[in-house]
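Here the structure comes first, spelled out in structure tokens, and everything after it is commentary.
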Amino acid sequence: MSTTTTTKRPPAAESRTPSKAAQLLGDRRLPVLVTAGLFLAMYVVGLSRYQNYGFGEAQVFMNLFIDNGYLLVAAVGVTFVILSGGIDLSVGSVIGFTTMFTAWLVERQGLPILVVIPMALAVGAFGGFLMGYVIHNFEIQPFIVTLAGLFLFRGLCLVISKESISIGDSSVSSMAGAQVSLGAGFLSIGAIVALVVLAVAFYVLHYTRFGRRVYAVGGNEQSAMLMGLPQGGTKIAVYTISGFCSALAGLLFTLYIQSGDPLHATGMELDAIAAVVIGGTLLTGGSGYVIGTLFGVLVLGLIKSLIQFEGTLSSWWTKIATGVLLCAFILIQRAMTARRKT
Amino acid sequence: MAEPQPVLEMTGIVKEFPGVRALSGVDFRLFPGEIHALLGENGAGKSTLIKVLTGVHSLDGGTITLSGTSVRFDSPSQTQQAGISTVYQEVNLCPNLSVAENIFIGREPTRFGRIQWKRLRREAAELVDRLGLDIDVTAPLSSYPLAVQQLVAIVRSVGTGDADGQGAGTKVLILDEPTSSLDRDEVLELFALMRRLKDQGVAILFVSHFLDQIYEICDRMTVLRNGTLVGEHMVSELDQVGLIQLMIGKALDQLEELHDHQLRSDVGESLLQADGVGRVGGVAPFDLEIKKGEVIGLAGLLGSGRTELARLLFGADQPDSGTVTIGGKQVSMSAPNDAISEGVAFCSENRKTEGLVPDLTVRENIILALQASRGWTRPIPVAQRDELVAKYIKALDIRPANPEARVGQLSGGNQQKVLLARWLITQPKLLILDEPTRGIDIGAKAEIQKLVVSLSEDGMAVLYIAAELEEVLRLSHTIGVLRDRKLVAQLANGPEITPTRILETIASGEHQ
Ligand SMILES: Nc1ncnc2c1ncn2[C@@H]1O[C@H](COP(=O)(O)OP(=O)(O)OP(=O)(O)O)[C@@H](O)[C@H]1O
Ligand SMILES: [Mg+2]
């Protein structure tokens, strides 16, 4: 059929493949680039304004990871959930619970921290598994189920103790104080763990069948089911991962702050969700990159340190700036998806 | 002649949905190396039978035997593992993933658990190529038209089962209306593929409303009517007339009617005038005039720009050159609003993503566009609304004829009718119909075509897009021929215009 007969095909490459411009605008990597660009721009602004106050020091940059490591871990877990088309509101409570649980076991029960860590992680993962199980098997909105999880874990904090418990255990403080030097500065254990979690998440999402299933379920759950993908198992796994990440974030937070408190990390699920969205992941699921989440967290962290350097601004400006950014990014996403449909 | 053992046998299958008995005691057999057509009107239960078999719906009664052993599947993934792969009606893929991933997801080539992306893309490109498709497999699925998506779904199903030794290899292939958006060329490629699989001993279940296709490719057929089995026949033993009679339960003479039906010969004054309208990457600049009461059919191959042309006229895509004048008034084409307020309606080919709201009722879906055009502050009086809805349910024979039914629960063909009703009810001046009869059974198709003719007699202009050339020819006053995203000819319909003539025009790319 290669000769010019009635069935000659159109020159396919050009007629069936979207144009270059459309491809660029529809490119799913664009939001991540935008966020990375924003981070760079903010960093340069910081450099130019606070150069004399030491903003340019390598350690200021590294502190971004040290001060936000726990948030990054939590946000990575939330990235999985949002990519699958769900939402997890229990993150902050699970973090708060983990700080209480850890502090209580270490201080009041005298268990060594190395025993407590796996226990805390198991509890968080199991909590996530239960939420995923309910969401999948009873077909209840993830919003509702994880909201119940939010109250449940916060309540459990108070069951353990109404007061905060500060940790004096020597192995905990030595862990918390450990510094891993890195060229001109150093990172804490928490920051290193966060970066490892990020790398593992990236590998899982892009190089394993499970990771691709997360995207498929987020793209169209009904289709994923009809394509013969175990969509239920994928959903449960995603919430389990988020529970695990929240517990790990809780442990990092405990190290960072060296105490347990029933009110720790209240509302942190919203910071995590904000970071994910600013990082370019669509709230509707199926599109985004975990690297974007890193930039989302860094942008939020950088806002905080810029405001600290400014010195005169109240810390509420952090929230305001976050809100403005979030709105802007959701608008960009909207424009992009609208573009993609046509 | 001793018949071989069927690879798949379903007996006494019963399926009930709340208020509907979709299948009552249906028997179905499928033999290795045969292509078996499953036939019936819209809503007869074809898709339901497939979904019950593959574990999407639970079974309310009956038994299923695969290769001699009794089976019952709880999910499509189990069914796939047992060697049955399925392309469901409508495209069920993930629009956010690339074409290559859609083909391979769930069975990606891996090494120590790590996906081998290069190999995946290369193999996907080969598979796609074998079906005669020349596309970039790394682009997201959503960037391709419906027909390409449908082909990708087929490629996926054919590839399933023979990857890294897991799965039993495909024994049974189920295709639920795979050809509904395809052009002749693509259909031929698909048929060649089906014949290859058949020679390898694969049993194929094929659903289509195109009877010519059934007679071309199938060996045996099973006919359903209202959820009951009407009969199983060899294709060679039953002619089309007899088949139609089995399907609808009475002799069909109305089909003939349309052939004698005279198109209105005099068309009115100019309604829409497009001058040099075009869009880079869409359609090259074209001039087109549409008169009142005129039916313009668009013909062209897949990807020739039919849908794109319609979208430009409607303002769904913004043209980068040219002007559109509707009713003597030049309209800005920045958004569909302008076209809508000038009385243009667009019935999209993609009912699933751009059309219906599955969780709303038939009535709500039908009334949606009319209500939107009136604004939300002026609701349509209840009595008038119910009367209108009832009228169109009857005119299009939507089944079940219950305005309260949820659209998502209707059969594919009936959903299409609901979408059509939505736009007809707004009584537009120009109605753009993109593949309006996709997935619609032969009786209803004739009804819809008659409706188009009578609308044009009442002065409505219609822009009609259909993959079937005969359908375009039967209805149109003028035929616009597209090739490579260019409007290459506008032919006035007449006795000398035949499908062959149009194909020649498409091939040569110029008006002869
Ligand atoms: N999920 C559901 N809930 C309730 N009723 C349903 C559901 N799915 C299908 N039905 C009903 O079952 C009947 C058979 O539908 P089915 O989709 O099997 O028809 P079909 O033969 O495939 O028709 P078509 O040619 O239009 O695709 C219809 O009356 C339909 O309304
Ligand atoms: Mg069907």
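Residues in the structure tokens are named by chain (A, B, ... in the order shown) and by number from 1 within that chain; ligands are numbered from 1 in the order shown.
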
- [ ] Could you give me, as a PyMOL selection string, the residues within 10 Å of Glu269 in chain B, counting only C-alpha atoms and dropping anything in the same chain fewer than 2 positions from it?
- [x] chain B and resi 266-267+271-272+290-294+327+459

Print the selection's residues with N, CA and C atoms to a file, as a compact mmCIF listing (two decimals), in the first residue's frame.
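After the write, again06.txt holds the following:
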# COMPACT_ATOMS: atom_id res chain seq x y z
N ASP B 266 -33.68 23.04 -2.38
CA ASP B 266 -33.37 24.47 -2.30
C ASP B 266 -32.88 24.79 -0.89
N VAL B 267 -31.70 25.34 -0.81
CA VAL B 267 -31.24 25.75 0.51
C VAL B 267 -31.40 27.25 0.61
N LEU B 271 -25.78 31.44 6.07
CA LEU B 271 -25.86 31.51 7.53
C LEU B 271 -24.49 31.78 8.13
N LEU B 272 -23.54 30.98 7.70
CA LEU B 272 -22.20 31.12 8.26
C LEU B 272 -21.21 31.26 7.12
N ILE B 290 -21.91 28.15 4.80
CA ILE B 290 -22.98 27.22 5.16
C ILE B 290 -24.29 27.99 5.08
N LYS B 291 -25.24 27.42 4.30
CA LYS B 291 -26.52 28.11 4.14
C LYS B 291 -27.56 27.50 5.05
N LYS B 292 -28.62 28.26 5.25
CA LYS B 292 -29.72 27.75 6.08
C LYS B 292 -30.29 26.49 5.45
N GLY B 293 -30.54 25.50 6.25
CA GLY B 293 -31.15 24.27 5.75
C GLY B 293 -30.21 23.39 4.96
N GLU B 294 -28.94 23.74 4.98
CA GLU B 294 -27.99 22.96 4.21
C GLU B 294 -27.28 21.94 5.11
N GLY B 327 -24.73 34.88 10.44
CA GLY B 327 -25.92 35.71 10.29
C GLY B 327 -25.57 37.15 10.00
N GLY B 459 -35.04 24.14 8.12
CA GLY B 459 -34.18 25.30 8.00
C GLY B 459 -32.93 25.28 8.85

Open item on the list: Residues within 12 Å of Asp317 in chain B, please, as a list in words. Count only C-alpha atoms; anything in the same chain fewer than 3 positions from it doesn't count.
Closed with: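 The neighbour list is Ala338, Arg339, Arg340, Lys341 and Thr342 of chain A; Val277, Gly278, Arg279, Val280, Gly281, Gly282, Val283, Thr307, Glu308, Leu309, Ala310, Arg311, Leu312, Leu313, Phe314, Asp320, Ser321, Ser332, Met333, Ser334, Ala335, Pro336, Asn337 and Ala339 of chain B.
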
- [ ] Output as a VMD selection string all residues of range 138-337 of chain B that backbone DSSP marks as alpha helix (DSSP H).
- [x] chain B and resid 146 to 159 184 to 199 211 to 217 240 to 248 254 to 260 306 to 314 336 to 337

- [ ] Enumerate residues in contact with ligand 2: an atom-to-atom distance of at most 10 Å, counting only C-alpha atoms and all ligand atoms. Format the result as a list in words.
- [x]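 Those residues are Leu39, Gly40, Glu41, Asn42, Gly43, Ala44, Gly45, Lys46, Ser47, Thr48, Leu49, Ile50, Lys51, Tyr88, Gln89, Glu90, Asp176, Glu177, Val207, Ser208, His209, Leu410, Ser411, Gly412, Gly413, Asn414, Gln415, Gly439 and Ile440 of chain B.
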
Kindly export the residues of the current selection with N, CA and C atoms, as an mmCIF file, in the first residue's frame.
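That gives us part.cif:
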data_model
loop_
_atom_site.group_PDB
_atom_site.id
_atom_site.type_symbol
_atom_site.label_atom_id
_atom_site.label_comp_id
_atom_site.auth_asym_id
_atom_site.auth_seq_id
_atom_site.Cartn_x
_atom_site.Cartn_y
_atom_site.Cartn_z
ATOM 1 N N LEU B 39 -24.201 -9.704 18.591
ATOM 2 C CA LEU B 39 -25.018 -8.676 17.954
ATOM 3 C C LEU B 39 -26.271 -8.378 18.750
ATOM 4 N N GLY B 40 -26.806 -7.205 18.513
ATOM 5 C CA GLY B 40 -28.035 -6.814 19.188
ATOM 6 C C GLY B 40 -28.175 -5.310 19.162
ATOM 7 N N GLU B 41 -29.391 -4.858 19.424
ATOM 8 C CA GLU B 41 -29.641 -3.414 19.428
ATOM 9 C C GLU B 41 -28.932 -2.752 20.601
ATOM 10 N N ASN B 42 -28.971 -1.427 20.623
ATOM 11 C CA ASN B 42 -28.442 -0.704 21.782
ATOM 12 C C ASN B 42 -29.203 -1.147 23.017
ATOM 13 N N GLY B 43 -28.460 -1.538 24.032
ATOM 14 C CA GLY B 43 -29.103 -1.942 25.278
ATOM 15 C C GLY B 43 -29.520 -3.394 25.310
ATOM 16 N N ALA B 44 -29.116 -4.169 24.309
ATOM 17 C CA ALA B 44 -29.514 -5.575 24.277
ATOM 18 C C ALA B 44 -28.773 -6.391 25.338
ATOM 19 N N GLY B 45 -27.634 -5.902 25.768
ATOM 20 C CA GLY B 45 -26.904 -6.613 26.821
ATOM 21 C C GLY B 45 -25.545 -7.126 26.399
ATOM 22 N N LYS B 46 -25.044 -6.667 25.279
ATOM 23 C CA LYS B 46 -23.749 -7.159 24.787
ATOM 24 C C LYS B 46 -22.611 -6.795 25.739
ATOM 25 N N SER B 47 -22.522 -5.529 26.043
ATOM 26 C CA SER B 47 -21.429 -5.109 26.926
ATOM 27 C C SER B 47 -21.580 -5.728 28.306
ATOM 28 N N THR B 48 -22.808 -5.875 28.755
ATOM 29 C CA THR B 48 -23.018 -6.473 30.070
ATOM 30 C C THR B 48 -22.529 -7.915 30.088
ATOM 31 N N LEU B 49 -22.797 -8.650 29.025
ATOM 32 C CA LEU B 49 -22.325 -10.037 28.946
ATOM 33 C C LEU B 49 -20.801 -10.068 29.060
ATOM 34 N N ILE B 50 -20.155 -9.136 28.368
ATOM 35 C CA ILE B 50 -18.697 -9.081 28.402
ATOM 36 C C ILE B 50 -18.198 -8.718 29.798
ATOM 37 N N LYS B 51 -18.887 -7.781 30.431
ATOM 38 C CA LYS B 51 -18.433 -7.347 31.754
ATOM 39 C C LYS B 51 -18.669 -8.411 32.813
ATOM 40 N N TYR B 88 -12.743 -2.892 26.239
ATOM 41 C CA TYR B 88 -14.123 -2.548 26.569
ATOM 42 C C TYR B 88 -14.624 -1.446 25.660
ATOM 43 N N GLN B 89 -15.943 -1.325 25.602
ATOM 44 C CA GLN B 89 -16.542 -0.245 24.826
ATOM 45 C C GLN B 89 -16.062 1.079 25.434
ATOM 46 N N GLU B 90 -15.873 2.099 24.635
ATOM 47 C CA GLU B 90 -15.275 3.358 25.071
ATOM 48 C C GLU B 90 -13.800 3.077 25.284
ATOM 49 N N ASP B 176 -15.092 -4.976 22.185
ATOM 50 C CA ASP B 176 -16.437 -4.399 22.253
ATOM 51 C C ASP B 176 -16.462 -3.096 21.443
ATOM 52 N N GLU B 177 -17.047 -3.141 20.297
ATOM 53 C CA GLU B 177 -17.121 -2.000 19.372
ATOM 54 C C GLU B 177 -15.765 -1.320 19.154
ATOM 55 N N VAL B 207 -17.758 -7.205 18.712
ATOM 56 C CA VAL B 207 -19.041 -6.512 18.741
ATOM 57 C C VAL B 207 -18.966 -5.322 17.793
ATOM 58 N N SER B 208 -19.961 -5.160 16.954
ATOM 59 C CA SER B 208 -19.992 -4.010 16.071
ATOM 60 C C SER B 208 -21.420 -3.787 15.588
ATOM 61 N N HIS B 209 -21.730 -2.529 15.312
ATOM 62 C CA HIS B 209 -23.028 -2.230 14.713
ATOM 63 C C HIS B 209 -22.922 -2.112 13.197
ATOM 64 N N LEU B 410 -26.619 3.721 31.303
ATOM 65 C CA LEU B 410 -27.183 3.384 29.999
ATOM 66 C C LEU B 410 -26.154 2.644 29.153
ATOM 67 N N SER B 411 -26.625 1.931 28.158
ATOM 68 C CA SER B 411 -25.687 1.292 27.241
ATOM 69 C C SER B 411 -25.020 2.372 26.401
ATOM 70 N N GLY B 412 -23.862 2.029 25.816
ATOM 71 C CA GLY B 412 -23.086 3.016 25.072
ATOM 72 C C GLY B 412 -23.891 3.752 24.020
ATOM 73 N N GLY B 413 -24.648 3.033 23.229
ATOM 74 C CA GLY B 413 -25.426 3.641 22.161
ATOM 75 C C GLY B 413 -26.482 4.586 22.704
ATOM 76 N N ASN B 414 -27.100 4.197 23.798
ATOM 77 C CA ASN B 414 -28.130 5.056 24.370
ATOM 78 C C ASN B 414 -27.542 6.322 24.969
ATOM 79 N N GLN B 415 -26.314 6.217 25.467
ATOM 80 C CA GLN B 415 -25.654 7.430 25.947
ATOM 81 C C GLN B 415 -25.445 8.400 24.791
ATOM 82 N N GLY B 439 -21.440 4.064 17.525
ATOM 83 C CA GLY B 439 -21.945 3.080 18.473
ATOM 84 C C GLY B 439 -23.455 2.949 18.503
ATOM 85 N N ILE B 440 -24.112 3.487 17.489
ATOM 86 C CA ILE B 440 -25.575 3.439 17.482
ATOM 87 C C ILE B 440 -26.048 2.321 16.562
#

Task: Non-local contacts of Val235 in chain B (8 Å; only C-alpha atoms; under 5 positions in same chain excluded) as a ChimeraX atom specification - done: /B:215,218-221

Would you output that residue set with all heavy atoms, as a PDB file, in the first residue's frame?
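Writing the result to selection_6.pdb gives the following:
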ATOM      1  N   TYR B 215     -20.070  -9.301   8.274  1.00  0.00           N
ATOM      2  CA  TYR B 215     -20.061 -10.271   7.177  1.00  0.00           C
ATOM      3  C   TYR B 215     -18.683 -10.421   6.571  1.00  0.00           C
ATOM      4  O   TYR B 215     -18.363 -11.418   5.962  1.00  0.00           O
ATOM      5  CB  TYR B 215     -21.109  -9.890   6.123  1.00  0.00           C
ATOM      6  CG  TYR B 215     -22.471 -10.345   6.561  1.00  0.00           C
ATOM      7  CD1 TYR B 215     -23.280  -9.526   7.343  1.00  0.00           C
ATOM      8  CD2 TYR B 215     -22.933 -11.622   6.251  1.00  0.00           C
ATOM      9  CE1 TYR B 215     -24.505  -9.953   7.801  1.00  0.00           C
ATOM     10  CE2 TYR B 215     -24.161 -12.066   6.695  1.00  0.00           C
ATOM     11  CZ  TYR B 215     -24.949 -11.231   7.473  1.00  0.00           C
ATOM     12  OH  TYR B 215     -26.152 -11.678   7.930  1.00  0.00           O
ATOM     13  N   CYS B 218     -16.442 -12.161  10.277  1.00  0.00           N
ATOM     14  CA  CYS B 218     -16.859 -13.124  11.300  1.00  0.00           C
ATOM     15  C   CYS B 218     -17.244 -14.486  10.729  1.00  0.00           C
ATOM     16  O   CYS B 218     -17.645 -14.601   9.578  1.00  0.00           O
ATOM     17  CB  CYS B 218     -18.019 -12.564  12.111  1.00  0.00           C
ATOM     18  SG  CYS B 218     -17.534 -11.119  13.033  1.00  0.00           S
ATOM     19  N   ASP B 219     -17.111 -15.514  11.576  1.00  0.00           N
ATOM     20  CA  ASP B 219     -17.484 -16.863  11.180  1.00  0.00           C
ATOM     21  C   ASP B 219     -18.844 -17.254  11.741  1.00  0.00           C
ATOM     22  O   ASP B 219     -19.596 -17.984  11.132  1.00  0.00           O
ATOM     23  CB  ASP B 219     -16.453 -17.862  11.725  1.00  0.00           C
ATOM     24  CG  ASP B 219     -15.052 -17.486  11.321  1.00  0.00           C
ATOM     25  OD1 ASP B 219     -14.833 -17.295  10.114  1.00  0.00           O
ATOM     26  OD2 ASP B 219     -14.185 -17.348  12.208  1.00  0.00           O
ATOM     27  N   ARG B 220     -19.123 -16.774  12.941  1.00  0.00           N
ATOM     28  CA  ARG B 220     -20.312 -17.223  13.644  1.00  0.00           C
ATOM     29  C   ARG B 220     -20.882 -16.015  14.359  1.00  0.00           C
ATOM     30  O   ARG B 220     -20.163 -15.056  14.630  1.00  0.00           O
ATOM     31  CB  ARG B 220     -19.877 -18.273  14.668  1.00  0.00           C
ATOM     32  CG  ARG B 220     -20.985 -19.063  15.315  1.00  0.00           C
ATOM     33  CD  ARG B 220     -20.434 -19.811  16.487  1.00  0.00           C
ATOM     34  NE  ARG B 220     -19.470 -20.831  16.100  1.00  0.00           N
ATOM     35  CZ  ARG B 220     -19.772 -22.111  15.903  1.00  0.00           C
ATOM     36  NH1 ARG B 220     -21.007 -22.532  16.058  1.00  0.00           N
ATOM     37  NH2 ARG B 220     -18.840 -22.965  15.570  1.00  0.00           N
ATOM     38  N   MET B 221     -22.180 -16.037  14.618  1.00  0.00           N
ATOM     39  CA  MET B 221     -22.707 -14.904  15.378  1.00  0.00           C
ATOM     40  C   MET B 221     -23.768 -15.324  16.376  1.00  0.00           C
ATOM     41  O   MET B 221     -24.476 -16.304  16.179  1.00  0.00           O
ATOM     42  CB  MET B 221     -23.270 -13.841  14.446  1.00  0.00           C
ATOM     43  CG  MET B 221     -24.229 -14.327  13.420  1.00  0.00           C
ATOM     44  SD  MET B 221     -24.337 -13.032  12.164  1.00  0.00           S
ATOM     45  CE  MET B 221     -25.490 -13.758  11.041  1.00  0.00           C
TER      46      MET B 221
END

Open item on the list: Distance limit 7 Å, atoms considered: only C-alpha atoms. Which chain B residues sit that close to chain A? Return them as a PyMOL selection string.
Closed with: chain B and resi 76-77+80+92-96+106+108+113-115+134-136+143+185+281+303+317+484+503-504+507

For Gly297 in chain B, find every residue with an atom within 12 Å (counting only C-alpha atoms), except residues of its own chain fewer than 6 positions away, and show them as an mmCIF file with N, CA and C atoms, in the first residue's frame.
data_model
loop_
_atom_site.group_PDB
_atom_site.id
_atom_site.type_symbol
_atom_site.label_atom_id
_atom_site.label_comp_id
_atom_site.auth_asym_id
_atom_site.auth_seq_id
_atom_site.Cartn_x
_atom_site.Cartn_y
_atom_site.Cartn_z
ATOM 1 N N ILE B 290 -21.909 28.150 4.800
ATOM 2 C CA ILE B 290 -22.977 27.221 5.159
ATOM 3 C C ILE B 290 -24.289 27.992 5.078
ATOM 4 N N ARG B 306 -10.945 16.789 10.160
ATOM 5 C CA ARG B 306 -12.398 17.042 10.169
ATOM 6 C C ARG B 306 -12.839 17.667 11.483
ATOM 7 N N THR B 307 -12.473 16.997 12.582
ATOM 8 C CA THR B 307 -12.863 17.507 13.893
ATOM 9 C C THR B 307 -12.256 18.876 14.139
ATOM 10 N N LEU B 309 -11.481 21.171 12.023
ATOM 11 C CA LEU B 309 -12.193 22.207 11.267
ATOM 12 C C LEU B 309 -13.460 22.614 12.015
ATOM 13 N N ALA B 310 -14.188 21.618 12.476
ATOM 14 C CA ALA B 310 -15.422 21.919 13.194
ATOM 15 C C ALA B 310 -15.132 22.716 14.461
ATOM 16 N N LEU B 431 -26.017 23.130 13.552
ATOM 17 C CA LEU B 431 -25.695 22.026 14.448
ATOM 18 C C LEU B 431 -24.477 21.300 13.894
ATOM 19 N N ILE B 432 -23.442 21.237 14.689
ATOM 20 C CA ILE B 432 -22.247 20.508 14.266
ATOM 21 C C ILE B 432 -22.289 19.134 14.916
ATOM 22 N N LEU B 433 -22.335 18.107 14.109
ATOM 23 C CA LEU B 433 -22.414 16.747 14.637
ATOM 24 C C LEU B 433 -21.128 16.011 14.295
ATOM 25 N N ASP B 434 -20.345 15.717 15.321
ATOM 26 C CA ASP B 434 -19.103 14.987 15.085
ATOM 27 C C ASP B 434 -19.341 13.524 15.428
ATOM 28 N N GLU B 435 -19.376 12.682 14.439
ATOM 29 C CA GLU B 435 -19.629 11.250 14.618
ATOM 30 C C GLU B 435 -20.875 10.988 15.471
ATOM 31 N N VAL B 452 -32.105 14.218 10.953
ATOM 32 C CA VAL B 452 -31.232 15.249 10.382
ATOM 33 C C VAL B 452 -31.871 15.817 9.112
ATOM 34 N N ALA B 461 -29.182 24.385 9.650
ATOM 35 C CA ALA B 461 -27.986 23.968 8.915
ATOM 36 C C ALA B 461 -27.245 22.942 9.754
ATOM 37 N N VAL B 462 -26.650 21.968 9.084
ATOM 38 C CA VAL B 462 -25.965 20.899 9.812
ATOM 39 C C VAL B 462 -24.587 20.669 9.201
ATOM 40 N N LEU B 463 -23.597 20.605 10.059
ATOM 41 C CA LEU B 463 -22.267 20.198 9.612
ATOM 42 C C LEU B 463 -22.075 18.789 10.139
ATOM 43 N N TYR B 464 -21.942 17.826 9.230
ATOM 44 C CA TYR B 464 -22.032 16.429 9.608
ATOM 45 C C TYR B 464 -20.700 15.725 9.361
ATOM 46 N N ILE B 465 -20.142 15.161 10.421
ATOM 47 C CA ILE B 465 -18.868 14.449 10.288
ATOM 48 C C ILE B 465 -19.108 12.978 10.578
ATOM 49 N N ALA B 466 -18.723 12.128 9.675
ATOM 50 C CA ALA B 466 -18.856 10.697 9.932
ATOM 51 C C ALA B 466 -17.754 9.957 9.196
ATOM 52 N N ALA B 467 -17.302 8.879 9.812
ATOM 53 C CA ALA B 467 -16.236 8.102 9.189
ATOM 54 C C ALA B 467 -16.773 7.340 7.984
ATOM 55 N N GLU B 468 -18.046 6.981 8.033
ATOM 56 C CA GLU B 468 -18.634 6.204 6.950
ATOM 57 C C GLU B 468 -19.000 7.114 5.786
ATOM 58 N N LEU B 469 -18.387 6.919 4.656
ATOM 59 C CA LEU B 469 -18.642 7.794 3.519
ATOM 60 C C LEU B 469 -20.087 7.716 3.045
ATOM 61 N N GLU B 470 -20.636 6.502 3.051
ATOM 62 C CA GLU B 470 -22.008 6.326 2.576
ATOM 63 C C GLU B 470 -22.967 7.193 3.383
ATOM 64 N N GLU B 471 -22.704 7.248 4.690
ATOM 65 C CA GLU B 471 -23.562 8.020 5.570
ATOM 66 C C GLU B 471 -23.495 9.500 5.208
ATOM 67 N N VAL B 472 -22.282 9.989 4.958
ATOM 68 C CA VAL B 472 -22.098 11.392 4.594
ATOM 69 C C VAL B 472 -22.808 11.679 3.271
ATOM 70 N N LEU B 473 -22.626 10.770 2.334
ATOM 71 C CA LEU B 473 -23.204 10.980 1.002
ATOM 72 C C LEU B 473 -24.720 11.002 1.033
ATOM 73 N N ARG B 474 -25.291 10.134 1.855
ATOM 74 C CA ARG B 474 -26.731 9.996 1.899
ATOM 75 C C ARG B 474 -27.386 11.279 2.387
ATOM 76 N N LEU B 475 -26.687 12.024 3.262
ATOM 77 C CA LEU B 475 -27.339 13.133 3.948
ATOM 78 C C LEU B 475 -26.999 14.513 3.409
ATOM 79 N N SER B 476 -25.822 14.642 2.769
ATOM 80 C CA SER B 476 -25.308 15.992 2.578
ATOM 81 C C SER B 476 -25.692 16.615 1.240
ATOM 82 N N HIS B 477 -25.870 17.935 1.260
ATOM 83 C CA HIS B 477 -25.987 18.699 0.023
ATOM 84 C C HIS B 477 -24.615 18.921 -0.572
ATOM 85 N N THR B 478 -23.694 19.221 0.324
ATOM 86 C CA THR B 478 -22.339 19.530 -0.110
ATOM 87 C C THR B 478 -21.376 18.678 0.699
ATOM 88 N N ILE B 479 -20.322 18.231 0.034
ATOM 89 C CA ILE B 479 -19.349 17.418 0.753
ATOM 90 C C ILE B 479 -18.006 18.117 0.733
ATOM 91 N N GLY B 480 -17.516 18.435 1.918
ATOM 92 C CA GLY B 480 -16.191 19.031 2.035
ATOM 93 C C GLY B 480 -15.184 17.909 2.210
ATOM 94 N N VAL B 481 -14.178 17.890 1.352
ATOM 95 C CA VAL B 481 -13.198 16.812 1.432
ATOM 96 C C VAL B 481 -11.918 17.348 2.062
ATOM 97 N N LEU B 482 -11.467 16.654 3.097
ATOM 98 C CA LEU B 482 -10.242 17.075 3.764
ATOM 99 C C LEU B 482 -9.128 16.082 3.516
ATOM 100 N N ALA B 489 -11.478 20.151 -1.308
ATOM 101 C CA ALA B 489 -12.536 20.277 -2.310
ATOM 102 C C ALA B 489 -13.885 20.417 -1.629
ATOM 103 N N GLN B 490 -14.811 21.083 -2.313
ATOM 104 C CA GLN B 490 -16.194 21.102 -1.853
ATOM 105 C C GLN B 490 -17.038 20.654 -3.030
ATOM 106 N N LEU B 491 -17.643 19.484 -2.896
ATOM 107 C CA LEU B 491 -18.384 18.903 -4.011
ATOM 108 C C LEU B 491 -19.873 19.011 -3.755
ATOM 109 N N ALA B 492 -20.608 19.483 -4.764
ATOM 110 C CA ALA B 492 -22.063 19.479 -4.629
ATOM 111 C C ALA B 492 -22.532 18.046 -4.837
ATOM 112 N N ASN B 493 -23.382 17.586 -3.935
ATOM 113 C CA ASN B 493 -23.828 16.194 -4.016
ATOM 114 C C ASN B 493 -24.709 15.992 -5.249
ATOM 115 N N ILE B 502 -15.151 10.163 -4.065
ATOM 116 C CA ILE B 502 -14.626 10.920 -2.926
ATOM 117 C C ILE B 502 -13.263 10.394 -2.525
#

Task: strand (DSSP E) positions in range 113-343 of chain B, given as a PyMOL selection string - done: chain B and resi 114-115+172-176+203-207+220-225+228-234+270-278+286-291+295-299+321-326+329-331

Task: Between CA of Leu360 in chain B and CA of Ala383 in chain B - distance in Å to one decimal - done: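 Atom-to-atom, CA of Ala383 in chain B and CA of Leu360 in chain B are spaced 19.5 Å apart.
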
Task: Gly168 in chain A environment, 10 Å, only C-alpha atoms, sequence neighbours closer than 6 positions dropped, as JSON, numbers by chain - done: {"A": [103, 106, 107, 258, 259]}

Those residues with C-alpha atoms, as an mmCIF file, in the first residue's frame please?
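Final output, again-v2.cif:
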data_model
loop_
_atom_site.group_PDB
_atom_site.id
_atom_site.type_symbol
_atom_site.label_atom_id
_atom_site.label_comp_id
_atom_site.auth_asym_id
_atom_site.auth_seq_id
_atom_site.Cartn_x
_atom_site.Cartn_y
_atom_site.Cartn_z
ATOM 1 C CA ALA A 103 8.859 10.658 73.847
ATOM 2 C CA VAL A 106 11.782 6.687 75.601
ATOM 3 C CA GLU A 107 11.274 8.857 78.661
ATOM 4 C CA GLN A 258 13.553 16.936 71.240
ATOM 5 C CA SER A 259 10.184 16.684 72.859
#

Open item on the list: Env of range 313-329 of chain A: 9 Å cut, atoms = only C-alpha atoms, seq-sep filter 3 positions within chain, self excluded. Answer as number ranges by chain.
Closed with: A: 31, 35, 271, 274-275, 277-280, 300, 303-304, 307-308, 310, 332-334

TODO: May I have the residues within 12 Å of range 175-192 of chain A as a PyMOL selection string, using only C-alpha atoms and disregarding those fewer than 5 positions away in the same chain?
DONE: chain A and resi 56-73+113-114+167-170+197-199+248-259

TODO: State, in Å with one decimal place, the distance from CA of Gly55 in chain B to CA of Phe73 in chain B.
DONE: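 Between these atoms lies a distance of 4.8 Å.
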